[in-house]
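Engineer: Sharing protein-v1.tsv (TSV, N, CA and C atoms) below.
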chain	number	residue	atom	x	y	z
A	1	GLN	N	1.53	17.88	-11.42
A	1	GLN	CA	1.17	16.48	-11.60
A	1	GLN	C	1.49	15.72	-10.33
A	2	VAL	N	0.55	14.87	-9.91
A	2	VAL	CA	0.74	14.11	-8.69
A	2	VAL	C	1.64	12.90	-8.96
A	3	GLN	N	2.49	12.63	-8.01
A	3	GLN	CA	3.38	11.48	-8.14
A	3	GLN	C	3.38	10.71	-6.83
A	4	LEU	N	3.36	9.38	-6.93
A	4	LEU	CA	3.46	8.52	-5.76
A	4	LEU	C	4.71	7.65	-5.92
A	5	VAL	N	5.53	7.63	-4.89
A	5	VAL	CA	6.77	6.88	-4.94
A	5	VAL	C	6.83	5.93	-3.76
A	6	GLU	N	6.91	4.62	-4.07
A	6	GLU	CA	6.96	3.60	-3.03
A	6	GLU	C	8.40	3.25	-2.71
A	7	SER	N	8.60	2.74	-1.51
A	7	SER	CA	9.90	2.20	-1.10
A	7	SER	C	9.67	1.18	0.01
A	8	GLY	N	10.70	0.38	0.28
A	8	GLY	CA	10.64	-0.53	1.40
A	8	GLY	C	10.46	-1.99	1.05
A	9	GLY	N	10.28	-2.30	-0.22
A	9	GLY	CA	10.14	-3.70	-0.60
A	9	GLY	C	11.47	-4.42	-0.49
A	10	GLY	N	11.42	-5.74	-0.66
A	10	GLY	CA	12.65	-6.52	-0.60
A	10	GLY	C	12.37	-7.98	-0.40
A	11	LEU	N	13.42	-8.70	-0.03
A	11	LEU	CA	13.35	-10.14	0.20
A	11	LEU	C	13.39	-10.40	1.70
A	12	VAL	N	12.47	-11.22	2.17
A	12	VAL	CA	12.41	-11.53	3.60
A	12	VAL	C	11.99	-12.98	3.76
A	13	GLN	N	12.40	-13.59	4.85
A	13	GLN	CA	11.99	-14.97	5.13
A	13	GLN	C	10.58	-15.00	5.69
A	14	ALA	N	9.93	-16.12	5.51
A	14	ALA	CA	8.60	-16.29	6.08
A	14	ALA	C	8.63	-16.03	7.59
A	15	GLY	N	7.62	-15.33	8.06
A	15	GLY	CA	7.57	-14.94	9.46
A	15	GLY	C	8.18	-13.59	9.74
A	16	GLY	N	8.88	-13.04	8.76
A	16	GLY	CA	9.53	-11.76	8.94
A	16	GLY	C	8.61	-10.58	8.71
A	17	SER	N	9.20	-9.39	8.72
A	17	SER	CA	8.43	-8.16	8.61
A	17	SER	C	9.07	-7.21	7.59
A	18	LEU	N	8.25	-6.38	7.00
A	18	LEU	CA	8.69	-5.29	6.14
A	18	LEU	C	7.75	-4.13	6.34
A	19	ARG	N	8.27	-2.93	6.08
A	19	ARG	CA	7.42	-1.75	6.10
A	19	ARG	C	7.55	-1.03	4.77
A	20	LEU	N	6.44	-0.88	4.09
A	20	LEU	CA	6.41	-0.14	2.85
A	20	LEU	C	6.01	1.31	3.12
A	21	SER	N	6.60	2.21	2.35
A	21	SER	CA	6.26	3.62	2.44
A	21	SER	C	5.87	4.13	1.06
A	22	CYS	N	4.99	5.12	1.05
A	22	CYS	CA	4.57	5.74	-0.21
A	22	CYS	C	4.42	7.23	0.04
A	23	VAL	N	5.20	8.01	-0.69
A	23	VAL	CA	5.18	9.46	-0.53
A	23	VAL	C	4.48	10.08	-1.73
A	24	ALA	N	3.54	10.96	-1.44
A	24	ALA	CA	2.79	11.66	-2.49
A	24	ALA	C	3.34	13.08	-2.63
A	25	SER	N	3.42	13.54	-3.87
A	25	SER	CA	3.87	14.89	-4.12
A	25	SER	C	3.15	15.45	-5.33
A	26	GLY	N	3.20	16.78	-5.47
A	26	GLY	CA	2.58	17.42	-6.62
A	26	GLY	C	1.23	18.04	-6.29
A	27	ILE	N	0.65	18.68	-7.28
A	27	ILE	CA	-0.62	19.36	-7.10
A	27	ILE	C	-1.72	18.33	-6.89
A	28	GLY	N	-2.53	18.53	-5.84
A	28	GLY	CA	-3.65	17.63	-5.59
A	28	GLY	C	-3.28	16.35	-4.90
A	29	PHE	N	-2.14	16.31	-4.18
A	29	PHE	CA	-1.70	15.06	-3.58
A	29	PHE	C	-2.44	14.73	-2.30
A	30	ASN	N	-3.27	15.66	-1.81
A	30	ASN	CA	-3.99	15.44	-0.55
A	30	ASN	C	-5.17	14.50	-0.78
A	31	PHE	N	-4.87	13.23	-0.98
A	31	PHE	CA	-5.90	12.28	-1.31
A	31	PHE	C	-6.81	11.99	-0.13
A	32	ASN	N	-8.08	11.79	-0.43
A	32	ASN	CA	-9.02	11.38	0.59
A	32	ASN	C	-8.73	9.94	1.03
A	33	THR	N	-8.45	9.10	0.06
A	33	THR	CA	-8.14	7.69	0.33
A	33	THR	C	-6.78	7.35	-0.25
A	34	MET	N	-6.01	6.63	0.54
A	34	MET	CA	-4.75	6.07	0.06
A	34	MET	C	-4.70	4.61	0.46
A	35	GLY	N	-3.93	3.85	-0.26
A	35	GLY	CA	-3.88	2.44	0.09
A	35	GLY	C	-2.89	1.68	-0.75
A	36	TRP	N	-3.00	0.36	-0.64
A	36	TRP	CA	-2.08	-0.55	-1.31
A	36	TRP	C	-2.85	-1.68	-1.98
A	37	TYR	N	-2.47	-1.93	-3.21
A	37	TYR	CA	-2.88	-3.13	-3.93
A	37	TYR	C	-1.63	-3.99	-4.11
A	38	ARG	N	-1.84	-5.24	-4.46
A	38	ARG	CA	-0.72	-6.09	-4.84
A	38	ARG	C	-1.12	-6.96	-6.02
A	39	GLN	N	-0.09	-7.37	-6.76
A	39	GLN	CA	-0.32	-8.25	-7.90
A	39	GLN	C	0.78	-9.30	-7.95
A	40	ALA	N	0.36	-10.55	-7.81
A	40	ALA	CA	1.28	-11.68	-7.91
A	40	ALA	C	1.30	-12.16	-9.36
A	41	PRO	N	2.37	-12.84	-9.77
A	41	PRO	CA	2.45	-13.33	-11.15
A	41	PRO	C	1.25	-14.19	-11.51
A	42	GLY	N	0.63	-13.87	-12.63
A	42	GLY	CA	-0.50	-14.66	-13.11
A	42	GLY	C	-1.80	-14.40	-12.39
A	43	LYS	N	-1.82	-13.42	-11.49
A	43	LYS	CA	-3.03	-13.13	-10.73
A	43	LYS	C	-3.47	-11.69	-10.95
A	44	GLN	N	-4.73	-11.44	-10.63
A	44	GLN	CA	-5.25	-10.09	-10.75
A	44	GLN	C	-4.76	-9.23	-9.59
A	45	ARG	N	-4.73	-7.94	-9.85
A	45	ARG	CA	-4.38	-7.00	-8.78
A	45	ARG	C	-5.48	-7.03	-7.73
A	46	GLU	N	-5.08	-7.08	-6.45
A	46	GLU	CA	-6.07	-7.14	-5.37
A	46	GLU	C	-5.79	-6.08	-4.32
A	47	LEU	N	-6.85	-5.60	-3.71
A	47	LEU	CA	-6.71	-4.61	-2.65
A	47	LEU	C	-6.13	-5.28	-1.41
A	48	VAL	N	-5.12	-4.67	-0.83
A	48	VAL	CA	-4.52	-5.15	0.41
A	48	VAL	C	-5.08	-4.37	1.59
A	49	ALA	N	-4.99	-3.06	1.52
A	49	ALA	CA	-5.46	-2.22	2.61
A	49	ALA	C	-5.66	-0.80	2.10
A	50	SER	N	-6.58	-0.09	2.74
A	50	SER	CA	-6.80	1.31	2.40
A	50	SER	C	-7.11	2.09	3.66
A	51	ILE	N	-6.89	3.39	3.57
A	51	ILE	CA	-7.22	4.27	4.68
A	51	ILE	C	-7.87	5.53	4.13
A	52	THR	N	-9.02	5.87	4.67
A	52	THR	CA	-9.76	7.05	4.24
A	52	THR	C	-9.79	8.05	5.39
A	53	GLY	N	-9.47	9.28	5.08
A	53	GLY	CA	-9.33	10.25	6.14
A	53	GLY	C	-8.13	9.88	7.00
A	54	ARG	N	-8.27	10.05	8.29
A	54	ARG	CA	-7.14	9.75	9.17
A	54	ARG	C	-7.17	8.34	9.73
A	55	THR	N	-8.38	7.77	9.91
A	55	THR	CA	-8.43	6.53	10.68
A	55	THR	C	-9.33	5.44	10.13
A	56	SER	N	-10.06	5.69	9.07
A	56	SER	CA	-10.98	4.68	8.56
A	56	SER	C	-10.23	3.71	7.66
A	57	THR	N	-10.02	2.49	8.16
A	57	THR	CA	-9.20	1.52	7.44
A	57	THR	C	-10.01	0.34	6.94
A	58	ASN	N	-9.46	-0.30	5.94
A	58	ASN	CA	-10.08	-1.48	5.34
A	58	ASN	C	-8.98	-2.44	4.94
A	59	TYR	N	-9.15	-3.74	5.26
A	59	TYR	CA	-8.12	-4.73	4.97
A	59	TYR	C	-8.71	-5.93	4.23
A	60	ALA	N	-7.89	-6.51	3.39
A	60	ALA	CA	-8.25	-7.80	2.82
A	60	ALA	C	-8.23	-8.84	3.93
A	61	GLY	N	-9.12	-9.81	3.83
A	61	GLY	CA	-9.19	-10.84	4.86
A	61	GLY	C	-7.89	-11.60	5.04
A	62	SER	N	-7.15	-11.75	3.94
A	62	SER	CA	-5.92	-12.54	3.99
A	62	SER	C	-4.79	-11.86	4.77
A	63	VAL	N	-4.93	-10.54	5.02
A	63	VAL	CA	-3.86	-9.82	5.72
A	63	VAL	C	-4.34	-9.25	7.06
A	64	GLU	N	-5.62	-9.37	7.33
A	64	GLU	CA	-6.19	-8.84	8.58
A	64	GLU	C	-5.43	-9.41	9.77
A	65	GLY	N	-5.02	-8.53	10.67
A	65	GLY	CA	-4.30	-8.96	11.86
A	65	GLY	C	-2.80	-9.07	11.67
A	66	ARG	N	-2.34	-9.05	10.43
A	66	ARG	CA	-0.89	-9.13	10.15
A	66	ARG	C	-0.34	-7.83	9.60
A	67	PHE	N	-1.16	-7.13	8.83
A	67	PHE	CA	-0.73	-5.88	8.19
A	67	PHE	C	-1.45	-4.71	8.85
A	68	THR	N	-0.76	-3.58	8.89
A	68	THR	CA	-1.34	-2.36	9.43
A	68	THR	C	-1.05	-1.19	8.49
A	69	ILE	N	-2.08	-0.46	8.12
A	69	ILE	CA	-1.91	0.71	7.28
A	69	ILE	C	-2.06	1.96	8.14
A	70	ALA	N	-1.23	2.94	7.84
A	70	ALA	CA	-1.30	4.21	8.57
A	70	ALA	C	-0.85	5.32	7.64
A	71	ARG	N	-1.26	6.54	7.94
A	71	ARG	CA	-0.83	7.66	7.11
A	71	ARG	C	-0.34	8.78	8.02
A	72	GLU	N	0.63	9.50	7.50
A	72	GLU	CA	1.20	10.64	8.20
A	72	GLU	C	1.03	11.84	7.27
A	73	ASN	N	-0.03	12.59	7.49
A	73	ASN	CA	-0.37	13.67	6.56
A	73	ASN	C	0.71	14.75	6.50
A	74	ALA	N	1.37	14.98	7.61
A	74	ALA	CA	2.42	16.02	7.63
A	74	ALA	C	3.54	15.67	6.65
A	75	ARG	N	3.73	14.38	6.39
A	75	ARG	CA	4.78	13.95	5.47
A	75	ARG	C	4.21	13.40	4.17
A	76	ASN	N	2.88	13.57	3.98
A	76	ASN	CA	2.23	13.10	2.74
A	76	ASN	C	2.55	11.64	2.47
A	77	THR	N	2.57	10.85	3.50
A	77	THR	CA	3.06	9.48	3.39
A	77	THR	C	2.03	8.49	3.94
A	78	VAL	N	1.92	7.35	3.26
A	78	VAL	CA	1.15	6.23	3.78
A	78	VAL	C	2.08	5.05	3.94
A	79	TYR	N	1.89	4.31	5.01
A	79	TYR	CA	2.75	3.17	5.34
A	79	TYR	C	1.94	1.88	5.34
A	80	LEU	N	2.63	0.80	5.07
A	80	LEU	CA	2.04	-0.52	5.24
A	80	LEU	C	3.02	-1.36	6.03
A	81	GLU	N	2.69	-1.62	7.28
A	81	GLU	CA	3.52	-2.46	8.14
A	81	GLU	C	3.05	-3.89	7.94
A	82	MET	N	3.97	-4.74	7.52
A	82	MET	CA	3.63	-6.13	7.21
A	82	MET	C	4.39	-7.05	8.15
A	83	ASN	N	3.67	-7.80	8.95
A	83	ASN	CA	4.26	-8.75	9.89
A	83	ASN	C	3.80	-10.16	9.57
A	84	SER	N	4.52	-11.12	10.14
A	84	SER	CA	4.19	-12.54	9.93
A	84	SER	C	3.99	-12.84	8.45
A	85	LEU	N	4.93	-12.40	7.65
A	85	LEU	CA	4.81	-12.55	6.21
A	85	LEU	C	4.84	-14.01	5.79
A	86	LYS	N	4.08	-14.29	4.75
A	86	LYS	CA	3.97	-15.65	4.21
A	86	LYS	C	4.41	-15.64	2.76
A	87	PRO	N	4.84	-16.80	2.24
A	87	PRO	CA	5.22	-16.84	0.83
A	87	PRO	C	4.11	-16.35	-0.10
A	88	GLU	N	2.86	-16.56	0.28
A	88	GLU	CA	1.76	-16.11	-0.58
A	88	GLU	C	1.57	-14.59	-0.57
A	89	ASP	N	2.32	-13.89	0.26
A	89	ASP	CA	2.31	-12.43	0.23
A	89	ASP	C	3.25	-11.88	-0.85
A	90	THR	N	4.00	-12.77	-1.48
A	90	THR	CA	4.91	-12.34	-2.54
A	90	THR	C	4.14	-11.73	-3.70
A	91	ALA	N	4.52	-10.51	-4.05
A	91	ALA	CA	3.82	-9.77	-5.11
A	91	ALA	C	4.51	-8.43	-5.32
A	92	VAL	N	4.08	-7.74	-6.37
A	92	VAL	CA	4.43	-6.34	-6.51
A	92	VAL	C	3.34	-5.53	-5.80
A	93	TYR	N	3.76	-4.65	-4.92
A	93	TYR	CA	2.82	-3.85	-4.14
A	93	TYR	C	2.76	-2.44	-4.73
A	94	PHE	N	1.55	-2.00	-5.00
A	94	PHE	CA	1.32	-0.70	-5.61
A	94	PHE	C	0.58	0.21	-4.63
A	95	CYS	N	1.12	1.37	-4.47
A	95	CYS	CA	0.45	2.41	-3.69
A	95	CYS	C	-0.53	3.16	-4.60
A	96	TYR	N	-1.64	3.61	-4.04
A	96	TYR	CA	-2.55	4.45	-4.81
A	96	TYR	C	-3.13	5.55	-3.93
A	97	GLY	N	-3.56	6.59	-4.60
A	97	GLY	CA	-4.26	7.68	-3.94
A	97	GLY	C	-5.49	8.04	-4.76
A	98	GLN	N	-6.54	8.41	-4.07
A	98	GLN	CA	-7.80	8.66	-4.80
A	98	GLN	C	-8.63	9.72	-4.10
A	99	HIS	N	-9.14	10.64	-4.92
A	99	HIS	CA	-10.14	11.59	-4.45
A	99	HIS	C	-11.51	10.98	-4.72
A	100	PRO	N	-12.55	11.39	-3.97
A	100	PRO	CA	-13.88	10.85	-4.21
A	100	PRO	C	-14.33	11.02	-5.66
A	101	PHE	N	-14.89	9.98	-6.22
A	101	PHE	CA	-15.47	9.97	-7.57
A	101	PHE	C	-14.43	10.24	-8.66
A	102	ASP	N	-13.15	10.02	-8.34
A	102	ASP	CA	-12.09	10.25	-9.31
A	102	ASP	C	-11.33	8.94	-9.53
A	103	THR	N	-10.60	8.88	-10.64
A	103	THR	CA	-9.79	7.69	-10.90
A	103	THR	C	-8.56	7.70	-10.00
A	104	PRO	N	-8.09	6.55	-9.56
A	104	PRO	CA	-6.92	6.52	-8.68
A	104	PRO	C	-5.65	6.87	-9.41
A	105	ILE	N	-4.70	7.37	-8.65
A	105	ILE	CA	-3.34	7.60	-9.12
A	105	ILE	C	-2.47	6.51	-8.54
A	106	TRP	N	-1.58	5.93	-9.36
A	106	TRP	CA	-0.79	4.78	-8.94
A	106	TRP	C	0.68	5.12	-8.84
A	107	GLY	N	1.35	4.43	-7.92
A	107	GLY	CA	2.80	4.44	-7.88
A	107	GLY	C	3.34	3.39	-8.85
A	108	GLN	N	4.67	3.29	-8.90
A	108	GLN	CA	5.30	2.40	-9.88
A	108	GLN	C	5.39	0.97	-9.38
A	109	GLY	N	5.18	0.76	-8.10
A	109	GLY	CA	5.23	-0.59	-7.53
A	109	GLY	C	6.55	-0.91	-6.88
A	110	THR	N	6.50	-1.77	-5.88
A	110	THR	CA	7.72	-2.25	-5.22
A	110	THR	C	7.57	-3.74	-4.97
A	111	GLN	N	8.62	-4.49	-5.25
A	111	GLN	CA	8.57	-5.95	-5.15
A	111	GLN	C	8.75	-6.40	-3.71
A	112	VAL	N	7.88	-7.29	-3.27
A	112	VAL	CA	8.01	-7.96	-1.98
A	112	VAL	C	8.10	-9.46	-2.26
A	113	THR	N	9.17	-10.07	-1.78
A	113	THR	CA	9.37	-11.50	-1.97
A	113	THR	C	9.57	-12.16	-0.61
A	114	VAL	N	8.75	-13.16	-0.32
A	114	VAL	CA	8.83	-13.87	0.95
A	114	VAL	C	9.26	-15.30	0.66
A	115	SER	N	10.39	-15.68	1.19
A	115	SER	CA	10.91	-17.03	0.96
A	115	SER	C	10.45	-17.97	2.07
A	116	SER	N	10.26	-19.22	1.70
A	116	SER	CA	9.78	-20.22	2.68
A	116	SER	C	10.94	-20.88	3.40
What would you get if you wrote out this structure as structure tokens?
Structural biologist:
Amino acid sequence: QVQLVESGGGLVQAGGSLRLSCVASGIGFNFNTMGWYRQAPGKQRELVASITGRTSTNYAGSVEGRFTIARENARNTVYLEMNSLKPEDTAVYFCYGQHPFDTPIWGQGTQVTVSS
């Protein structure tokens, strides 16, 4: 069974930085696409960033230029480097992995709180 485990969330002041990590393990963990969604209280879950293969990335407009997604296949890990954080970035961040034409597998989520 595939498992995704996130880490790196926490409390940071506006303008600060955090790096989230997500490690995949188990049978079939070699996902074609990995990425991050987030969900703020009272809002729908939204895509933050994704990476397909080694270098094909996609970002939400609200984080473009501030966040960077990368993956390290040797460690089965995807990272989300978050800079210039804003209070509106406060949310639970969920890692996911997905094979083509398959349903995504989700991590348990990690809380990111940005204070003003």
Engineer: If you count only C-alpha atoms, which residues fall within 9 Å of range 9-21 of chain A, apart from same-chain ones fewer than 3 positions away, as number ranges by chain?
Structural biologist: A: 5-6, 77-87, 92-93, 95, 110-116
Engineer: Could you pull out the strand (DSSP E) residues of chain A from DSSP and send them as a ChimeraX atom specification?
Structural biologist: /A:3-7,10-13,18-25,33-39,46-52,56-59,67-72,77-82,91-98,105-106,110-115
Engineer: To one decimal in Å, tell me the separation between atom C of Ile69 in chain A and atom C of Arg54 in chain A.
Structural biologist: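 Taking atom C of Ile69 in chain A as the start and atom C of Arg54 in chain A as the end point, the length is 8.3 Å.
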Engineer: Between atom C of Leu4 in chain A and atom N of Arg45 in chain A, what is the distance in Å, rounded to a tenth?
Structural biologist: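 Value for the atom C of Leu4 in chain A-atom N of Arg45 in chain A distance: 18.6 Å.
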Engineer: Mind pulling up the distance from CA of Gln44 in chain A to CA of Glu72 in chain A?
Structural biologist: 28.8 Å
Engineer: Kindly indicate which residue among A:Pro100, A:Ala91, A:Ile105, A:Phe67 lies nearest to Pro41 in chain A, using only N, CA and C atoms for the distances.
Structural biologist: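 Ranked by minimum distance to Pro41 in chain A, first place goes to A:Ala91.
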Engineer: Quick one: of A:Asn76, A:Thr90, A:Asp102, A:Val48, who's nearest to Glu64 in chain A, counting only N, CA and C atoms?
Structural biologist: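 Nearest candidate to Glu64 in chain A out of A:Asn76, A:Thr90, A:Asp102, A:Val48: A:Val48.
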Engineer: Using all atoms listed in the file for the distances, tell me which of A:Arg75, A:Ala49, A:Lys43, A:Asp89 is nearest to Val23 in chain A.
Structural biologist: A:Arg75
Engineer: Would you list the residues near (-5.4, 0.2, -3.6), meaning any protein, DNA or RNA residue with an atom at most 7 Å from that point in file coordinates, counting only C-alpha atoms, as a list of chain:residue names?
Structural biologist: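 Taken together, the residues in range are A:Met34, A:Gly35, A:Trp36, A:Tyr37, A:Leu47, A:Val48, A:Ala49, A:Ser50, A:Cys95, A:Tyr96.
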